[in-house]
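Working notes, beginning with the structure itself.
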Amino acid sequence: MASATSSPAPAPAGRAGVWTVVLCWITVLLEGYDLVVLGAIIPTLLKTHHLGMTAGDATTIATLSLVGVAIGAVCVGPLADRLGRRLLLIGSVVLFSLFTLLVPLAGSVTVFAVLRLVAGLGLGACMPVSLTMMAEHMPAEKRARASTLTMTGYHTGAVITSLLALRVTDNWQVLFYVLGGAGFVIAAVQWFRLPESAAFVRAREDTGARRVPFTELLEPAYLRAGIGVWVASFMGLLLVYGLNTWLPKLMNDAGYPVPTAVTQLLVLNVGGVVGLVLGGFVADRRGIKGTTLGWFGVSVLMLACLSVRMHSDLLLDTVVFLTGVFVFSAQVLVYAYVTHFYPAAVRGTALGSASGIGRIGSIVGPSITGALVTAGIGHPWGFYFFAVVAVLGFLAVLTLPRGAAAEGAEGAPGRVGVSPVDGLTAK
């Protein structure tokens, strides 16, 4: 691969914006596809005893996949801030595409797990870099919409996986071949068409492409925001993955028939897409912090309502839909806050750390909820647990500073207000 310095110069704003929006959205779509594909094929793998796989093996593989995603998300930030967004995004897509294509060829459960772990490293890097590039190609007043609209790709990818899984049934290998092949095609298009972020180019010129370590986020100018973002991201992804994993079971435990319980997962994700579009629009108009607080606050109410057995299907569908609207977009609005608050020189590192720490929540959420289900108290205590988590997310957002952090003339952390790197004015 060519070095970051040999990357194409940023294209004219209109053309660059179109290619960036399309290619970053498709990259997030591929991540949504991949992160759902394992869950879609686990029943088939266990039914056919593929490689002698047991339920415990499947759980280990799923956990290692998420661990890889978390590590990739944390590690990519400093590299993206040093080498460039474009190079890291293309490299990440190539990495997860290659190891995804190899998964069907695994000769043992151990090799299967290792391949998923390594693929997760590339996969975890894709989302924070895509969100960073999207934000940096948008005016400051549209950055919340940039984040939320990008994340609609995730849910689109999940829907595509589900539909394909229904078509291929026992031929699960096709799902990995389609993903890996599509990934290589997208990487090739990115190489020729994806421009480097203009904000990164300006930041590199200002800072001399200095290394941006994770510890820089612990500087006084960033520490308060960093802690709040990390806690909010952890709580947000705990809710997203906990609900997506266990909602049908919790609904069934509450006394709803299986078809109704499964349907609620679809209703939840439809609400998520609507919430992403609505949340970004409101945040750009009313402010990111205030909107995120409101979204977490309504999430508390909706999750608490789900602990009550409802005898009206319409009422149940409405509450679940609204839960998806507010819970899923609350998490993404935290990312939008990061793209607004941090200047370009550290934005990739900040977004990567938020995504990586949040991914720990994506592991913890299903684990704790599963323990409650195993203990026979999934309903109502699973929803009580989720409501408390949403309260903690609300409190974390409450601590976040308003406005945007700035860099000093030498690229060191400075005052809060205007960022000369991006020309951002505090909202």
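Going by the structure tokens order, chains are called A, B, ..., each with residues numbered from 1, while ligands are numbered from 1 in the order shown.
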Give me the residues of range 183-292 of chain A that have any atom at most 9 Å from an atom of range 331-336 of chain A; for each, the nearest atom pair and the distance in Å, rounded to one decimal. Use only C-alpha atoms, sort by chain and number, and format it as CSV.
```
residue,atom,partner,partner_atom,distance
A:Val229,CA,A:Val334,CA,6.6
A:Ala232,CA,A:Val334,CA,7.0
A:Ser233,CA,A:Gln331,CA,6.2
A:Phe234,CA,A:Gln331,CA,8.9
A:Met235,CA,A:Gln331,CA,8.1
A:Gly236,CA,A:Gln331,CA,4.6
A:Leu237,CA,A:Gln331,CA,6.5
A:Leu239,CA,A:Gln331,CA,8.7
A:Val240,CA,A:Gln331,CA,8.0
A:Leu276,CA,A:Val332,CA,7.6
A:Gly279,CA,A:Leu333,CA,7.4
A:Gly280,CA,A:Leu333,CA,7.3
A:Ala283,CA,A:Leu333,CA,8.0
A:Ile288,CA,A:Leu333,CA,7.0
A:Lys289,CA,A:Leu333,CA,8.3
A:Thr291,CA,A:Leu333,CA,8.1
A:Thr292,CA,A:Leu333,CA,6.0
```
Write a file of the selected residues as a tab-separated table (two decimals), in the first residue's frame, keeping all heavy atoms.
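Okay, this is what ended up in result-v5.tsv:
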```tsv
chain	number	residue	atom	x	y	z
A	229	VAL	N	-17.50	10.38	28.09
A	229	VAL	CA	-17.74	9.67	26.83
A	229	VAL	C	-17.53	8.18	26.99
A	229	VAL	O	-18.32	7.36	26.49
A	229	VAL	CB	-16.82	10.24	25.74
A	229	VAL	CG1	-16.72	9.28	24.56
A	229	VAL	CG2	-17.32	11.60	25.27
A	232	ALA	N	-20.46	6.72	29.01
A	232	ALA	CA	-21.69	6.75	28.22
A	232	ALA	C	-21.64	5.74	27.08
A	232	ALA	O	-22.65	5.07	26.79
A	232	ALA	CB	-21.92	8.16	27.66
A	233	SER	N	-20.49	5.61	26.43
A	233	SER	CA	-20.36	4.65	25.33
A	233	SER	C	-20.48	3.22	25.85
A	233	SER	O	-21.12	2.37	25.23
A	233	SER	CB	-19.02	4.85	24.62
A	233	SER	OG	-18.91	3.99	23.51
A	234	PHE	N	-19.86	2.95	27.00
A	234	PHE	CA	-19.96	1.62	27.62
A	234	PHE	C	-21.42	1.28	27.90
A	234	PHE	O	-21.89	0.19	27.55
A	234	PHE	CB	-19.14	1.61	28.92
A	234	PHE	CG	-19.19	0.31	29.67
A	234	PHE	CD1	-18.20	-0.64	29.49
A	234	PHE	CD2	-20.21	0.04	30.57
A	234	PHE	CE1	-18.24	-1.85	30.18
A	234	PHE	CE2	-20.26	-1.15	31.27
A	234	PHE	CZ	-19.26	-2.10	31.08
A	235	MET	N	-22.13	2.21	28.53
A	235	MET	CA	-23.53	1.96	28.88
A	235	MET	C	-24.40	1.85	27.63
A	235	MET	O	-25.29	1.01	27.56
A	235	MET	CB	-24.05	3.09	29.78
A	235	MET	CG	-23.32	3.23	31.10
A	235	MET	SD	-23.32	1.71	32.08
A	235	MET	CE	-22.10	2.12	33.34
A	236	GLY	N	-24.12	2.69	26.63
A	236	GLY	CA	-24.92	2.67	25.41
A	236	GLY	C	-24.81	1.36	24.66
A	236	GLY	O	-25.82	0.77	24.24
A	237	LEU	N	-23.58	0.87	24.47
A	237	LEU	CA	-23.41	-0.39	23.73
A	237	LEU	C	-23.85	-1.58	24.57
A	237	LEU	O	-24.27	-2.60	24.02
A	237	LEU	CB	-21.97	-0.55	23.28
A	237	LEU	CG	-21.62	0.18	21.98
A	237	LEU	CD1	-20.15	0.02	21.63
A	237	LEU	CD2	-22.47	-0.31	20.83
A	239	LEU	N	-26.51	-1.56	26.35
A	239	LEU	CA	-27.95	-1.61	26.07
A	239	LEU	C	-28.23	-2.16	24.68
A	239	LEU	O	-29.11	-3.01	24.51
A	239	LEU	CB	-28.55	-0.20	26.20
A	239	LEU	CG	-28.61	0.39	27.61
A	239	LEU	CD1	-29.06	1.84	27.55
A	239	LEU	CD2	-29.56	-0.43	28.49
A	240	VAL	N	-27.49	-1.68	23.68
A	240	VAL	CA	-27.73	-2.10	22.30
A	240	VAL	C	-27.55	-3.61	22.15
A	240	VAL	O	-28.41	-4.31	21.60
A	240	VAL	CB	-26.80	-1.35	21.34
A	240	VAL	CG1	-26.87	-1.96	19.95
A	240	VAL	CG2	-27.18	0.13	21.29
A	276	LEU	N	-32.15	7.01	14.61
A	276	LEU	CA	-30.88	7.54	14.11
A	276	LEU	C	-31.09	8.76	13.23
A	276	LEU	O	-30.38	9.76	13.34
A	276	LEU	CB	-30.13	6.44	13.35
A	276	LEU	CG	-29.54	5.33	14.20
A	276	LEU	CD1	-29.06	4.18	13.31
A	276	LEU	CD2	-28.39	5.85	15.04
A	279	GLY	N	-32.64	11.54	15.60
A	279	GLY	CA	-31.70	12.02	16.60
A	279	GLY	C	-30.65	12.95	16.02
A	279	GLY	O	-30.31	13.98	16.62
A	280	GLY	N	-30.11	12.60	14.85
A	280	GLY	CA	-29.12	13.46	14.23
A	280	GLY	C	-29.68	14.82	13.85
A	280	GLY	O	-29.03	15.85	14.05
A	283	ALA	N	-30.28	16.83	17.11
A	283	ALA	CA	-29.02	17.23	17.74
A	283	ALA	C	-28.36	18.38	17.01
A	283	ALA	O	-27.79	19.29	17.64
A	283	ALA	CB	-28.07	16.03	17.80
A	288	ILE	N	-25.94	18.81	20.65
A	288	ILE	CA	-25.70	17.37	20.80
A	288	ILE	C	-25.86	16.91	22.25
A	288	ILE	O	-26.52	15.92	22.53
A	288	ILE	CB	-24.30	17.01	20.28
A	288	ILE	CG1	-24.20	17.31	18.78
A	288	ILE	CG2	-24.00	15.53	20.53
A	288	ILE	CD1	-22.83	17.09	18.20
A	289	LYS	N	-25.28	17.65	23.20
A	289	LYS	CA	-25.34	17.21	24.59
A	289	LYS	C	-26.78	17.16	25.10
A	289	LYS	O	-27.21	16.16	25.68
A	289	LYS	CB	-24.50	18.12	25.48
A	289	LYS	CG	-24.57	17.72	26.95
A	289	LYS	CD	-23.74	18.61	27.86
A	289	LYS	CE	-23.94	18.23	29.32
A	289	LYS	NZ	-23.13	19.06	30.24
A	291	THR	N	-29.57	16.92	23.45
A	291	THR	CA	-30.34	15.86	22.78
A	291	THR	C	-29.97	14.49	23.32
A	291	THR	O	-30.85	13.65	23.56
A	291	THR	CB	-30.08	15.90	21.26
A	291	THR	OG1	-30.43	17.20	20.76
A	291	THR	CG2	-30.91	14.86	20.54
A	292	THR	N	-28.68	14.26	23.54
A	292	THR	CA	-28.24	12.96	24.07
A	292	THR	C	-28.81	12.73	25.46
A	292	THR	O	-29.23	11.61	25.81
A	292	THR	CB	-26.70	12.89	24.11
A	292	THR	OG1	-26.18	13.25	22.83
A	292	THR	CG2	-26.24	11.47	24.44
```
### Message
DSSP on the backbone, helix (DSSP H, G or I) only: what residues of range 107-227 of chain A does that give? Format it as a VMD selection string.
### Response
chain A and resid 109 to 136 140 to 168 173 to 193 198 to 207 214 to 218 220 to 227
### Task
Name all residues at most 9 Å from range 314-318 of chain A (count only C-alpha atoms; drop same-chain ones fewer than 5 positions away) and give them as a PyMOL selection string.
chain A and resi 264+267-268+306+309+323
Go ahead and save the residues from that selection, with N, CA and C atoms, as a tab-separated table (two decimals), in the first residue's frame.
```
chain	number	residue	atom	x	y	z
A	264	GLN	N	-40.76	-8.55	18.08
A	264	GLN	CA	-40.34	-7.34	18.79
A	264	GLN	C	-38.90	-6.95	18.47
A	267	VAL	N	-39.22	-4.92	15.36
A	267	VAL	CA	-39.79	-3.62	15.71
A	267	VAL	C	-38.74	-2.74	16.38
A	268	LEU	N	-37.95	-3.34	17.25
A	268	LEU	CA	-36.89	-2.61	17.96
A	268	LEU	C	-35.90	-2.00	16.98
A	306	LEU	N	-41.17	-1.60	29.78
A	306	LEU	CA	-41.12	-2.97	29.26
A	306	LEU	C	-41.14	-4.02	30.37
A	309	ARG	N	-46.09	-6.23	32.07
A	309	ARG	CA	-46.79	-7.08	31.08
A	309	ARG	C	-47.92	-6.29	30.45
A	323	THR	N	-38.53	2.37	22.29
A	323	THR	CA	-37.29	1.94	22.92
A	323	THR	C	-36.16	1.91	21.90
```
### Query
With distances taken over only C-alpha atoms, which of A:Gly157, A:Gly255, A:Gly68, A:Gly52 is nearest to Val109 in chain A?
A:Gly52
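Interatomic distance, CA of Thr132 in chain A against CA of Gly39 in chain A: 28.1 Å.
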### Query
Which polymer residues have any atom within 12 Å of an atom of Thr245 in chain A, counting only C-alpha atoms, with same-chain residues fewer than 6 positions away left out, as a PyMOL selection string?
chain A and resi 35-36+39-40+62+237-239+251+262+264-265+268+362-370+373+382
Print the selection's residues with N, CA and C atoms to a file, as a tab-separated table (two decimals), in the first residue's frame.
```tsv
chain	number	residue	atom	x	y	z
A	35	LEU	N	-21.19	-8.50	12.05
A	35	LEU	CA	-21.44	-8.69	13.47
A	35	LEU	C	-22.73	-9.46	13.74
A	36	VAL	N	-23.58	-9.61	12.72
A	36	VAL	CA	-24.81	-10.39	12.88
A	36	VAL	C	-24.67	-11.78	12.28
A	39	GLY	N	-24.29	-14.90	14.67
A	39	GLY	CA	-25.53	-15.26	15.34
A	39	GLY	C	-26.52	-15.94	14.41
A	40	ALA	N	-26.49	-15.55	13.13
A	40	ALA	CA	-27.42	-16.12	12.17
A	40	ALA	C	-27.10	-17.58	11.84
A	62	ALA	N	-18.06	-16.26	19.66
A	62	ALA	CA	-18.77	-14.97	19.63
A	62	ALA	C	-18.08	-13.95	20.53
A	237	LEU	N	-23.58	0.87	24.47
A	237	LEU	CA	-23.41	-0.39	23.73
A	237	LEU	C	-23.85	-1.58	24.57
A	238	LEU	N	-23.77	-1.47	25.90
A	238	LEU	CA	-24.32	-2.53	26.75
A	238	LEU	C	-25.81	-2.68	26.47
A	239	LEU	N	-26.51	-1.56	26.35
A	239	LEU	CA	-27.95	-1.61	26.07
A	239	LEU	C	-28.23	-2.16	24.68
A	251	MET	N	-39.03	-11.24	26.38
A	251	MET	CA	-40.45	-11.11	26.03
A	251	MET	C	-41.18	-12.43	26.24
A	262	VAL	N	-40.33	-12.67	19.02
A	262	VAL	CA	-39.35	-12.52	17.95
A	262	VAL	C	-39.64	-11.28	17.11
A	264	GLN	N	-40.76	-8.55	18.08
A	264	GLN	CA	-40.34	-7.34	18.79
A	264	GLN	C	-38.90	-6.95	18.47
A	265	LEU	N	-38.07	-7.93	18.10
A	265	LEU	CA	-36.69	-7.61	17.73
A	265	LEU	C	-36.67	-6.81	16.43
A	268	LEU	N	-37.95	-3.34	17.25
A	268	LEU	CA	-36.89	-2.61	17.96
A	268	LEU	C	-35.90	-2.00	16.98
A	362	SER	N	-20.51	-4.09	25.18
A	362	SER	CA	-21.23	-5.02	24.30
A	362	SER	C	-21.00	-6.46	24.70
A	363	ILE	N	-19.92	-6.73	25.44
A	363	ILE	CA	-19.66	-8.07	25.94
A	363	ILE	C	-20.34	-8.27	27.30
A	364	VAL	N	-20.25	-7.23	28.13
A	364	VAL	CA	-20.80	-7.32	29.49
A	364	VAL	C	-22.33	-7.41	29.47
A	365	GLY	N	-22.97	-6.62	28.60
A	365	GLY	CA	-24.43	-6.58	28.58
A	365	GLY	C	-25.09	-7.93	28.38
A	366	PRO	N	-24.77	-8.64	27.27
A	366	PRO	CA	-25.38	-9.95	27.07
A	366	PRO	C	-25.01	-10.95	28.17
A	367	SER	N	-23.81	-10.82	28.74
A	367	SER	CA	-23.38	-11.76	29.78
A	367	SER	C	-24.23	-11.60	31.04
A	368	ILE	N	-24.40	-10.36	31.50
A	368	ILE	CA	-25.19	-10.13	32.72
A	368	ILE	C	-26.66	-10.49	32.49
A	369	THR	N	-27.19	-10.08	31.34
A	369	THR	CA	-28.58	-10.40	31.04
A	369	THR	C	-28.78	-11.91	30.94
A	370	GLY	N	-27.81	-12.59	30.34
A	370	GLY	CA	-27.88	-14.05	30.26
A	370	GLY	C	-27.88	-14.70	31.63
A	373	VAL	N	-31.32	-14.35	33.04
A	373	VAL	CA	-32.22	-15.31	32.41
A	373	VAL	C	-32.00	-16.71	32.97
A	382	GLY	N	-34.36	-8.09	34.07
A	382	GLY	CA	-33.54	-7.71	32.93
A	382	GLY	C	-33.82	-6.28	32.50
```
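Nearest residue to Gln190 in chain A, choosing from A:Gln173, A:Ser147, A:Thr339, A:Thr20 and counting only C-alpha atoms: A:Thr20.
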### Task
Tell me, as a list in words, which residues lie within 10 Å of Ile90 in chain A, counting only C-alpha atoms; anything in the same chain fewer than 2 positions away does not count.
Met1, Thr27, Arg85, Arg86, Leu87, Leu88, Ser92, Val93, Val94, Leu95, Gly122, Cys126, Val129, Gly183, Phe184, Ile186, Ala187, Ala188, Val189, Gln190, Trp191 and Leu194 of chain A
Go ahead and write the residues just picked, N, CA, C and O atoms, as a compact mmCIF listing (two decimals), in the first residue's frame.
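For reference, selection32.txt as written:
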```
# COMPACT_ATOMS: atom_id res chain seq x y z
N MET A 1 0.83 -1.19 0.00
CA MET A 1 0.00 0.00 0.00
C MET A 1 0.87 1.24 0.00
O MET A 1 1.94 1.26 0.59
N THR A 27 -19.14 0.76 4.23
CA THR A 27 -18.22 0.10 5.16
C THR A 27 -18.92 -0.25 6.46
O THR A 27 -18.75 -1.36 7.00
N ARG A 85 -6.78 8.85 7.75
CA ARG A 85 -8.03 8.09 7.84
C ARG A 85 -8.15 7.12 6.66
O ARG A 85 -8.54 5.96 6.82
N ARG A 86 -7.83 7.61 5.48
CA ARG A 86 -8.03 6.83 4.25
C ARG A 86 -7.26 5.52 4.29
O ARG A 86 -7.81 4.44 4.03
N LEU A 87 -5.96 5.58 4.58
CA LEU A 87 -5.11 4.39 4.58
C LEU A 87 -5.58 3.37 5.60
O LEU A 87 -5.66 2.17 5.32
N LEU A 88 -5.93 3.85 6.79
CA LEU A 88 -6.36 2.93 7.85
C LEU A 88 -7.70 2.28 7.53
O LEU A 88 -7.92 1.10 7.82
N SER A 92 -8.11 -1.69 7.08
CA SER A 92 -9.03 -2.41 7.97
C SER A 92 -10.02 -3.26 7.19
O SER A 92 -10.30 -4.41 7.56
N VAL A 93 -10.54 -2.70 6.08
CA VAL A 93 -11.49 -3.46 5.26
C VAL A 93 -10.80 -4.68 4.65
O VAL A 93 -11.37 -5.78 4.62
N VAL A 94 -9.57 -4.51 4.17
CA VAL A 94 -8.82 -5.63 3.59
C VAL A 94 -8.58 -6.71 4.64
O VAL A 94 -8.73 -7.92 4.37
N LEU A 95 -8.21 -6.30 5.86
CA LEU A 95 -7.90 -7.28 6.92
C LEU A 95 -9.12 -8.13 7.25
O LEU A 95 -9.04 -9.37 7.26
N GLY A 122 -9.85 -6.00 12.33
CA GLY A 122 -10.12 -5.11 11.21
C GLY A 122 -11.50 -4.51 11.28
O GLY A 122 -11.71 -3.32 10.98
N CYS A 126 -13.11 -0.26 11.53
CA CYS A 126 -13.88 0.35 10.44
C CYS A 126 -14.84 1.43 10.91
O CYS A 126 -14.92 2.51 10.32
N VAL A 129 -13.22 4.91 12.22
CA VAL A 129 -12.59 5.65 11.12
C VAL A 129 -13.66 6.17 10.15
O VAL A 129 -13.59 7.31 9.67
N GLY A 183 -16.16 -7.04 0.55
CA GLY A 183 -15.17 -6.20 1.23
C GLY A 183 -14.00 -5.85 0.34
O GLY A 183 -13.54 -4.70 0.31
N PHE A 184 -13.48 -6.83 -0.41
CA PHE A 184 -12.36 -6.57 -1.31
C PHE A 184 -12.76 -5.60 -2.43
O PHE A 184 -11.98 -4.74 -2.84
N ILE A 186 -15.08 -3.25 -2.22
CA ILE A 186 -15.19 -1.92 -1.62
C ILE A 186 -13.81 -1.34 -1.36
O ILE A 186 -13.57 -0.14 -1.58
N ALA A 187 -12.87 -2.17 -0.88
CA ALA A 187 -11.51 -1.67 -0.63
C ALA A 187 -10.87 -1.15 -1.91
O ALA A 187 -10.17 -0.14 -1.91
N ALA A 188 -11.10 -1.86 -3.03
CA ALA A 188 -10.54 -1.43 -4.31
C ALA A 188 -11.12 -0.09 -4.73
O ALA A 188 -10.40 0.81 -5.20
N VAL A 189 -12.44 0.06 -4.56
CA VAL A 189 -13.08 1.33 -4.92
C VAL A 189 -12.57 2.45 -4.01
O VAL A 189 -12.31 3.58 -4.46
N GLN A 190 -12.41 2.14 -2.72
CA GLN A 190 -11.88 3.14 -1.79
C GLN A 190 -10.48 3.60 -2.20
O GLN A 190 -10.14 4.78 -2.09
N TRP A 191 -9.66 2.67 -2.67
CA TRP A 191 -8.29 3.01 -3.05
C TRP A 191 -8.27 4.07 -4.16
O TRP A 191 -7.44 4.98 -4.14
N LEU A 194 -11.76 7.13 -2.68
CA LEU A 194 -11.94 7.74 -1.36
C LEU A 194 -10.85 8.78 -1.10
O LEU A 194 -9.67 8.44 -1.06
```
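Each of A:Leu115, A:Leu83, A:Ile71, A:Val346 was compared to Glu196 in chain A using only C-alpha atoms, and A:Leu83 turns out to be the nearest.
Among A:Thr100, A:Ser355, A:Ser162, A:Ser329, the residue with the shortest atom-to-atom distance to Ala144 in chain A, counting only C-alpha atoms, is A:Ser329.
For the choices A:Ala304, A:Gly378, A:Thr156, A:Leu372, the atom-to-atom distance to Asn252 in chain A is smallest for A:Gly378 when using only C-alpha atoms.
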